[in-house]
$ cat start_13.txt   # compact mmCIF, C-alpha atoms and all ligand atoms
# COMPACT_ATOMS: atom_id res chain seq x y z
CA MET A 1 -27.64 -33.69 -50.85
CA LEU A 2 -26.48 -35.78 -47.90
CA THR A 3 -29.31 -36.40 -45.49
CA GLY A 4 -29.33 -37.19 -41.79
CA GLY A 5 -32.37 -37.61 -39.56
CA LYS A 6 -33.61 -34.02 -39.58
CA ILE A 7 -30.90 -32.16 -41.51
CA GLY A 8 -29.35 -32.14 -44.97
CA LEU A 9 -25.88 -31.10 -46.10
CA ARG A 10 -25.71 -29.42 -49.50
CA ALA A 11 -23.39 -27.11 -51.42
CA ARG A 12 -23.11 -23.47 -50.35
CA HIS A 13 -25.45 -21.23 -52.39
CA GLU A 14 -24.80 -17.57 -53.13
CA ASP A 15 -27.99 -16.54 -51.32
CA ASP A 16 -26.93 -18.39 -48.14
CA ILE A 17 -24.09 -15.94 -47.65
CA PRO A 18 -25.93 -12.80 -46.40
CA VAL A 19 -27.75 -14.91 -43.77
CA LEU A 20 -24.57 -16.66 -42.67
CA ARG A 21 -22.68 -13.38 -42.53
CA THR A 22 -25.34 -11.69 -40.38
CA GLU A 23 -26.18 -14.56 -38.05
CA LEU A 24 -22.84 -16.33 -37.70
CA TYR A 25 -19.92 -14.24 -38.86
CA ASN A 26 -21.06 -10.87 -37.48
CA ASP A 27 -21.57 -12.39 -34.04
CA VAL A 28 -18.00 -11.57 -33.06
CA VAL A 29 -17.94 -13.71 -29.92
CA ASN A 30 -19.29 -16.78 -31.70
CA ALA A 31 -17.06 -16.27 -34.75
CA ALA A 32 -13.95 -15.80 -32.62
CA ARG A 33 -14.73 -18.91 -30.55
CA ALA A 34 -15.50 -21.10 -33.56
CA SER A 35 -12.88 -20.03 -36.09
CA GLY A 36 -9.48 -19.98 -34.37
CA VAL A 37 -8.50 -16.80 -36.20
CA PRO A 38 -9.04 -13.16 -35.27
CA TRP A 39 -12.34 -11.65 -36.31
CA ARG A 40 -12.10 -8.94 -38.94
CA PRO A 41 -14.78 -6.98 -40.77
CA LEU A 42 -15.85 -8.40 -44.10
CA SER A 43 -17.40 -6.40 -46.89
CA PRO A 44 -20.39 -8.07 -48.58
CA ASP A 45 -18.42 -8.66 -51.80
CA ALA A 46 -15.19 -9.84 -50.14
CA LYS A 47 -13.56 -12.42 -52.38
CA ASP A 48 -11.73 -14.18 -49.56
CA SER A 49 -14.72 -14.52 -47.26
CA PRO A 50 -14.58 -17.70 -45.17
CA LEU A 51 -18.27 -18.17 -46.02
CA SER A 52 -18.09 -17.67 -49.77
CA VAL A 53 -18.81 -20.25 -52.41
CA ASP A 54 -15.38 -21.57 -53.22
CA ALA A 55 -15.01 -21.37 -56.98
CA GLU A 56 -11.85 -23.44 -56.77
CA GLU A 57 -12.90 -26.09 -54.28
CA LYS A 58 -9.78 -27.25 -52.51
CA GLU A 59 -8.78 -30.90 -52.39
CA ASP A 60 -8.34 -30.86 -48.64
CA ARG A 61 -11.48 -28.95 -47.61
CA LEU A 62 -15.21 -29.20 -48.31
CA SER A 63 -17.80 -26.67 -47.19
CA PHE A 64 -21.47 -27.54 -46.80
CA SER A 65 -24.54 -25.53 -45.91
CA VAL A 66 -26.81 -27.22 -43.39
CA VAL A 67 -30.57 -27.22 -44.02
CA GLU A 68 -33.48 -28.40 -41.95
CA LEU A 69 -35.12 -31.07 -44.10
CA GLU A 70 -38.62 -30.09 -43.05
CA GLY A 71 -39.04 -26.77 -44.80
CA ASN A 72 -35.63 -26.83 -46.50
CA THR A 73 -34.43 -23.81 -44.48
CA LEU A 74 -30.80 -22.85 -43.99
CA ILE A 75 -29.66 -23.52 -40.41
CA GLY A 76 -25.85 -23.43 -40.54
CA ILE A 77 -22.55 -24.51 -41.99
CA ALA A 78 -20.44 -27.65 -41.79
CA SER A 79 -17.05 -28.63 -43.12
CA VAL A 80 -14.68 -31.51 -43.58
CA TRP A 81 -11.21 -29.99 -43.50
CA GLY A 82 -7.59 -31.10 -43.38
CA ILE A 83 -8.47 -34.08 -45.58
CA ASP A 84 -5.34 -36.23 -45.71
CA THR A 85 -5.69 -38.96 -48.32
CA HIS A 86 -2.42 -40.67 -47.36
CA ASN A 87 -3.30 -41.13 -43.68
CA ARG A 88 -7.02 -41.22 -44.54
CA SER A 89 -7.98 -38.69 -41.88
CA ALA A 90 -9.86 -35.39 -41.67
CA HIS A 91 -11.32 -32.87 -39.22
CA LEU A 92 -14.98 -31.93 -38.85
CA GLY A 93 -16.36 -28.44 -38.21
CA LEU A 94 -19.85 -27.01 -37.81
CA ALA A 95 -21.74 -23.94 -36.64
CA LEU A 96 -25.50 -23.50 -36.47
CA LEU A 97 -27.54 -20.31 -36.58
CA PRO A 98 -28.53 -19.27 -33.02
CA ALA A 99 -32.20 -20.26 -33.43
CA ALA A 100 -31.22 -23.77 -34.54
CA ARG A 101 -29.00 -24.62 -31.55
CA GLY A 102 -29.95 -26.98 -28.76
CA LYS A 103 -32.48 -28.98 -30.79
CA GLY A 104 -30.40 -32.01 -31.65
CA TYR A 105 -29.33 -30.77 -35.09
CA GLY A 106 -25.64 -30.55 -34.16
CA THR A 107 -25.57 -34.22 -33.19
CA ASP A 108 -27.33 -35.04 -36.48
CA VAL A 109 -24.82 -32.95 -38.49
CA VAL A 110 -21.86 -34.76 -36.89
CA ALA A 111 -23.51 -38.12 -37.73
CA THR A 112 -23.99 -37.06 -41.36
CA LEU A 113 -20.40 -35.78 -41.63
CA CYS A 114 -19.20 -39.14 -40.25
CA HIS A 115 -21.19 -40.95 -42.94
CA TYR A 116 -19.61 -38.70 -45.57
CA GLY A 117 -16.08 -39.17 -44.19
CA PHE A 118 -16.18 -42.90 -43.58
CA VAL A 119 -18.56 -44.16 -46.29
CA VAL A 120 -18.26 -41.68 -49.14
CA ARG A 121 -14.57 -40.81 -48.69
CA SER A 122 -13.29 -44.07 -47.14
CA LEU A 123 -11.50 -42.20 -44.39
CA HIS A 124 -10.17 -44.09 -41.38
CA ARG A 125 -10.05 -41.39 -38.70
CA LEU A 126 -12.07 -38.24 -38.03
CA GLN A 127 -11.16 -35.54 -35.51
CA VAL A 128 -13.07 -32.74 -33.79
CA ASP A 129 -11.14 -29.84 -32.28
CA THR A 130 -13.10 -27.61 -29.93
CA LEU A 131 -12.76 -25.26 -26.97
CA ALA A 132 -12.86 -27.12 -23.67
CA ASP A 133 -15.93 -25.17 -22.49
CA ASN A 134 -17.99 -25.89 -25.63
CA THR A 135 -20.25 -28.49 -24.02
CA ALA A 136 -22.68 -28.62 -26.94
CA MET A 137 -19.87 -29.42 -29.41
CA LEU A 138 -18.22 -31.93 -27.09
CA ARG A 139 -21.54 -33.74 -26.53
CA SER A 140 -22.48 -33.66 -30.25
CA ALA A 141 -19.19 -35.46 -30.99
CA GLU A 142 -19.37 -37.86 -28.04
CA ARG A 143 -22.93 -38.86 -28.90
CA ASN A 144 -21.51 -40.08 -32.22
CA GLY A 145 -18.76 -42.12 -30.58
CA PHE A 146 -15.89 -39.61 -30.55
CA VAL A 147 -13.59 -40.03 -27.57
CA ARG A 148 -11.51 -37.35 -25.89
CA GLU A 149 -7.88 -37.97 -26.83
CA GLY A 150 -6.18 -34.96 -25.32
CA VAL A 151 -6.23 -31.42 -24.09
CA LEU A 152 -4.08 -28.71 -25.64
CA ARG A 153 -3.54 -26.47 -22.67
CA SER A 154 -4.04 -22.72 -23.29
CA SER A 155 -3.73 -23.29 -27.01
CA ALA A 156 -6.42 -20.89 -28.23
CA TRP A 157 -6.36 -17.12 -27.79
CA VAL A 158 -10.05 -16.18 -27.55
CA LEU A 159 -11.01 -12.56 -27.01
CA GLY A 160 -8.52 -11.72 -24.32
CA GLU A 161 -7.64 -15.04 -22.73
CA PHE A 162 -6.03 -18.37 -23.46
CA VAL A 163 -8.45 -21.29 -23.47
CA ASP A 164 -7.79 -25.05 -23.56
CA GLU A 165 -8.77 -27.02 -26.64
CA VAL A 166 -9.97 -30.62 -26.59
CA LEU A 167 -9.19 -33.07 -29.39
CA LEU A 168 -11.67 -35.88 -29.97
CA GLY A 169 -11.16 -38.75 -32.40
CA LEU A 170 -13.28 -41.47 -33.97
CA LEU A 171 -11.93 -44.46 -35.90
CA VAL A 172 -14.05 -46.12 -38.54
CA GLU A 173 -13.92 -49.47 -36.71
CA ASP A 174 -15.46 -47.82 -33.62
CA TRP A 175 -18.14 -45.98 -35.56
CA LYS A 176 -21.69 -47.13 -35.09
CA GLN A 177 -24.49 -45.25 -36.74
CA GLY A 178 -27.07 -43.76 -34.39
CA PRO A 179 -26.64 -41.71 -31.22
CA ARG A 180 -24.96 -43.09 -28.10
CA PRO A 181 -26.28 -42.55 -24.60
C1 LIG B 201 -21.84 -26.63 -31.16
C2 LIG B 201 -23.14 -26.83 -31.93
C3 LIG B 201 -22.84 -27.14 -33.40
C4 LIG B 201 -23.91 -28.03 -31.30
O1 LIG B 201 -25.11 -28.21 -31.97
P1 LIG B 201 -26.52 -28.21 -31.18
O2 LIG B 201 -27.56 -28.51 -32.19
O3 LIG B 201 -26.64 -26.95 -30.42
O4 LIG B 201 -26.32 -29.44 -30.19
P2 LIG B 201 -27.40 -30.56 -29.84
O5 LIG B 201 -28.75 -29.92 -29.69
O6 LIG B 201 -27.27 -31.67 -30.83
O7 LIG B 201 -26.93 -31.00 -28.40
C5 LIG B 201 -25.84 -31.86 -28.20
C6 LIG B 201 -25.67 -32.06 -26.71
O8 LIG B 201 -25.18 -30.84 -26.13
C7 LIG B 201 -26.07 -30.39 -25.12
N1 LIG B 201 -26.17 -28.95 -25.25
C8 LIG B 201 -26.70 -28.26 -26.27
N2 LIG B 201 -26.57 -26.94 -26.06
C9 LIG B 201 -25.95 -26.81 -24.87
C10 LIG B 201 -25.54 -25.69 -24.11
N3 LIG B 201 -25.73 -24.45 -24.54
N4 LIG B 201 -24.91 -25.93 -22.94
C11 LIG B 201 -24.69 -27.19 -22.50
N5 LIG B 201 -25.05 -28.30 -23.19
C12 LIG B 201 -25.68 -28.10 -24.35
C13 LIG B 201 -27.39 -31.07 -25.41
O9 LIG B 201 -28.17 -31.22 -24.22
C14 LIG B 201 -26.93 -32.39 -25.93
O10 LIG B 201 -26.49 -33.20 -24.85
P3 LIG B 201 -26.90 -34.74 -24.70
O11 LIG B 201 -26.46 -35.40 -25.98
O12 LIG B 201 -26.14 -35.16 -23.52
O13 LIG B 201 -28.38 -34.73 -24.56
C15 LIG B 201 -24.05 -25.54 -31.86
O14 LIG B 201 -24.44 -25.33 -30.51
C16 LIG B 201 -23.36 -24.29 -32.41
O15 LIG B 201 -23.43 -24.06 -33.61
N6 LIG B 201 -22.70 -23.50 -31.55
C17 LIG B 201 -22.00 -22.30 -31.97
C18 LIG B 201 -20.84 -22.58 -32.93
C19 LIG B 201 -19.85 -23.58 -32.36
O16 LIG B 201 -19.52 -23.55 -31.19
N7 LIG B 201 -19.36 -24.47 -33.26
C20 LIG B 201 -18.37 -25.46 -32.90
C21 LIG B 201 -16.99 -24.91 -33.06
S1 LIG B 201 -15.75 -26.15 -32.76

$ encode --input "start_13.txt" --output "structure tokens"
Amino acid sequence: MLTGGKIGLRARHEDDIPVLRTELYNDVVNAARASGVPWRPLSPDAKDSPLSVDAEEKEDRLSFSVVELEGNTLIGIASVWGIDTHNRSAHLGLALLPAARGKGYGTDVVATLCHYGFVVRSLHRLQVDTLADNTAMLRSAERNGFVREGVLRSSAWVLGEFVDEVLLGLLVEDWKQGPRP
């Protein structure tokens, strides 16, 4: 398991899935805002569930479950996706269960994903893509040194309206462990 200050990142377990489906996926507003694809109903045994344990782990995507170290309880999901080994870059994604938000865990998860990307995978550049009004995600990235590199105007269709997306990037040479002011 990868450990941060208060959280750990481990493989997805089969028994994580009902909790993630109920608390994250079945919250249609949250799922639509976080995923970039239209929400659709998922049966409990769906083989192509975005939450499922990936039997054939893909080269360009890794899925973690996030646990609170104290108590070892499941608090969310995190991913490193779009891993490009030629350009040595990847994107980060995360979503926490509602009760775990706003407690500093998101910032800790981004820090731990950066350690994984830069130290374990020797990547050079990490990117976060988020909706422009997602202050908690923007701040979690910025607290780890990500800088805003651009706005994709009206690029995301979210439940009836187009919303801007913000791209943030962090290069390994600018990465310092520990939160920024
Ligand atoms: C986005 C998310 C991962 C952030 O994690 P978090 O644990 O809630 O964030 P933190 O507690 O580490 O807070 C980070 C910063 O955001 C601020 N913040 C947290 N929740 C906030 C909110 N609802 N509104 C405004 N600011 C907020 C905190 O004050 C903190 O700011 P600071 O560093 O300036 O003090 C989490 O809120 C979440 O899972 N949201 C739903 C799914 C989602 O949006 N995922 C991202 C898709 S790209």

$ residues_around --input "start_13.txt" --residues "Leu138 in chain A" --least-positions-apart "2" --cutoff "12 Å" --atoms "only C-alpha atoms" --output "VMD selection string"
chain A and resid 93 to 94 106 to 107 110 127 to 136 140 to 149 165 to 169

$ closest_residue --input "start_13.txt" --among "A:Gly71, A:Gly104, A:Gly36, A:Pro41" --to "ligand LIG 201 (chain B)" --atoms "all atoms listed in the file"
A:Gly104

$ atom_distance --input "start_13.txt" --atom1 "atom O15 of ligand LIG 201 (chain B)" --atom2 "CA of Ser43 in chain A"
22.9 Å

$ atom_distance --input "start_13.txt" --atom1 "CA of Val67 in chain A" --atom2 "atom C11 of ligand LIG 201 (chain B)"
22.3 Å

$ closest_residue --input "start_13.txt" --among "A:Ala32, A:Leu9, A:Val119, A:Leu42" --to "Ala78 in chain A" --atoms "only C-alpha atoms"
A:Leu9

$ closest_residue --input "start_13.txt" --among "A:Arg180, A:His115, A:Lys58, A:Arg10" --to "ligand LIG 201 (chain B)" --atoms "only C-alpha atoms and all ligand atoms"
A:Arg180

$ closest_residue --input "start_13.txt" --among "A:Pro98, A:Pro44, A:Gly150, A:Gly178" --to "Asp27 in chain A" --atoms "all atoms listed in the file"
A:Pro98

$ atom_distance --input "start_13.txt" --atom1 "CA of Ala111 in chain A" --atom2 "CA of Ala156 in chain A"
26.1 Å

$ residues_around --input "start_13.txt" --residues "Pro38 in chain A" --least-positions-apart "5" --cutoff "9 Å" --atoms "only C-alpha atoms" --output "VMD selection string"
chain A and resid 31 to 32 157 to 159

$ closest_residue --input "start_13.txt" --among "A:Val163, A:Val29, A:Leu123, A:Met137" --to "ligand LIG 201 (chain B)" --atoms "all atoms listed in the file"
A:Met137
